[in-house]
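**Q** I'd like to ask some things about the structure below.
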Amino acid sequence: MTDQGTRPGVPAQSPPVEPKTAHDGPPPPRRSWWSGDAAEPVRRNLGLIGVLVVLVIIGAVTRPELYGDATWVTSNVWTILQQASAIGVVTVGMTFVIIGGGIDLSVGAIVAVAGVWSTTLATQSYGAAGMIFTAIVVGVVVGLINGVLISYGKLVPFIATLAMMVAARGLAAMISDKQTQVSTNSTINGIASTKVAGVPMLVIILALVVAAGWVLLNRTTFGRRTVAVGGNVEAARLAGINVRVHTVLLYALSGLCCGIAAIMLTSQATSAQAAMANLYELDAIAAAIIGGTLLSGGRGTIIGALFGVLVFSTITNLFAINNLSTEVQNMVKGGIIVAAVLVQQFHYRSLTQLFGRKPA
């Protein structure tokens, strides 16, 4: 006899098994905010603060007689900030350009030509307002030329800005006749020595530019478009962003920052020459990279770039108070730049893959 639930010649079937759902088993461990990508800028900035602390400790160990004087320490802090002010302003513009997927090797030359042009006798005859206006306009115009060559001339940013670096230095030398042009305007010269509530005016200008840059990058459509263009040009174009116009605006913004920096440097030296702001392009790029800006574009922070500037300015100050040569200082800067790029290229997962291990 056969069971009631089966038929002769037909094998009995096992009861259906319910498929496993994603809820079976223990839930995957949750990643904290601190370990996620969103906290990466915070972790990097804290690391840069740690570097600054280490540099201060090195200074205190090597020159205890100086760091034992509270008045000297306060004065030295303001000195570092003032030395970082002009290059810090340039770095803000450079950070925007790099986040947008470009590079600007002409920023130092733009500062020079803007400074020289604003200190000619003809320009100084219009007073401080005329000098500031000239420096800013020259910086923006040269930046616009860079942007047009890259966006509409289809030149690689490296080549276009390298050519502009050479051309702008030559123009500055021609305008100044290879001579140092002295600024006779007391208002411009007084910017470097003026203090507001005990804070040097140069530091205030740097703070204002950094604040404006942070708002522009993080709280405006322009900033979001900059990240989008640097992250994926084609996706940005399909999203309706005019990539060409935006690229031109990025280089114009870099030129604007160079014009402001030209006035700041002119005030500090009470003069301008074709050789001013030498190697500023390398310092600005290095500071942006140290601050977490990706050379490939699409990511970066203004605050991180500012910390990068402060690290390099502190290193320069540390070498100066210890009477060490500029050559050694440049070697240390080069090592820091290489280390920063390696950190960007090889994250934990990349390193584990490199050594043939699987991350936990």
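Following the order of the structure tokens, first chain is A, next is B, and so on, with residues numbered from 1 inside each chain and ligands from 1 in the order they appear.
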Show me, as a ChimeraX atom specification, the residues that have an atom within 12 Å of A:Gln329 when counting only C-alpha atoms, minus same-chain residues fewer than 2 positions from it.
**A** /A:312-320,322-327,331-336
**Q** Can you tell me, as a VMD selection string, which residues in stretch 149-194 of chain A count as alpha helix (DSSP H) by DSSP?
**A** chain A and resid 149 to 151 157 to 176 186 to 190
**Q** Env of A:Thr270: 7 Å cut, atoms = only C-alpha atoms, seq-sep filter 5 positions within chain, self excluded. Answer as a PDB file with C-alpha atoms, in the first residue's frame.
**A**
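Written file, result-v3.pdb:
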ATOM      1  CA  VAL A 182      59.601 100.976  -4.542  1.00  0.00           C
ATOM      2  CA  SER A 183      56.109 101.584  -3.228  1.00  0.00           C
ATOM      3  CA  ASN A 189      52.944 100.026   2.968  1.00  0.00           C
TER       4      ASN A 189
END
**Q** Within 7 Å of stretch 271-280 of chain A, counting only C-alpha atoms, which residues show up once you throw out same-chain ones fewer than 4 positions away? Write them as a list in words, please.
**A** Ile87, Val107, Gly108, Val111, Ala112, Val113, Gly115, Val116, Thr119, Arg169, Ala172, Ala173, Ser176, Lys178, Gln179, Thr180, Gln181, Val182, Ser183, Thr266 and Ala284 of chain A
**Q** Using only C-alpha atoms, which protein or nucleic acid residues come within 12 Å of A:Thr226? Drop anything in the same chain fewer than 2 positions from it, and give the result as a VMD selection string.
**A** chain A and resid 95 to 102 216 to 224 228 to 233 236 to 237 241 to 251 253 297 to 301
**Q** To test your reading of the structure, identify every residue in stretch 44-246 of chain A that backbone DSSP assigns to strand (DSSP E), and report it as a ChimeraX atom specification.
**A** /A:181-182,195-196,199-200
**Q** Using only N, CA, C and O atoms, please write the residues we just selected to a file, as an mmCIF file, in the first residue's frame.
**A**
data_model
loop_
_atom_site.group_PDB
_atom_site.id
_atom_site.type_symbol
_atom_site.label_atom_id
_atom_site.label_comp_id
_atom_site.auth_asym_id
_atom_site.auth_seq_id
_atom_site.Cartn_x
_atom_site.Cartn_y
_atom_site.Cartn_z
ATOM 1 N N GLN A 181 60.915 98.056 -7.910
ATOM 2 C CA GLN A 181 60.051 99.241 -7.887
ATOM 3 C C GLN A 181 59.575 99.481 -6.457
ATOM 4 O O GLN A 181 58.921 98.637 -5.860
ATOM 5 N N VAL A 182 59.915 100.634 -5.937
ATOM 6 C CA VAL A 182 59.601 100.976 -4.542
ATOM 7 C C VAL A 182 58.195 101.541 -4.453
ATOM 8 O O VAL A 182 57.796 102.385 -5.257
ATOM 9 N N LYS A 195 47.592 96.794 12.834
ATOM 10 C CA LYS A 195 46.949 95.766 13.653
ATOM 11 C C LYS A 195 45.553 96.226 14.045
ATOM 12 O O LYS A 195 45.328 97.403 14.312
ATOM 13 N N VAL A 196 44.634 95.281 14.066
ATOM 14 C CA VAL A 196 43.269 95.547 14.487
ATOM 15 C C VAL A 196 42.988 94.671 15.697
ATOM 16 O O VAL A 196 42.979 93.439 15.590
ATOM 17 N N VAL A 199 45.563 92.091 16.258
ATOM 18 C CA VAL A 199 45.763 91.099 15.194
ATOM 19 C C VAL A 199 46.290 91.808 13.949
ATOM 20 O O VAL A 199 45.679 92.776 13.487
ATOM 21 N N PRO A 200 47.419 91.355 13.379
ATOM 22 C CA PRO A 200 47.958 91.996 12.174
ATOM 23 C C PRO A 200 46.957 91.966 11.018
ATOM 24 O O PRO A 200 46.219 90.993 10.840
#
**Q** Counting only C-alpha atoms, which of A:Val215, A:Ala109, A:Val140, A:Leu310 gets nearest to A:Leu55?
**A**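 Ranking A:Val215, A:Ala109, A:Val140, A:Leu310 by distance to A:Leu55, first place goes to A:Leu310.
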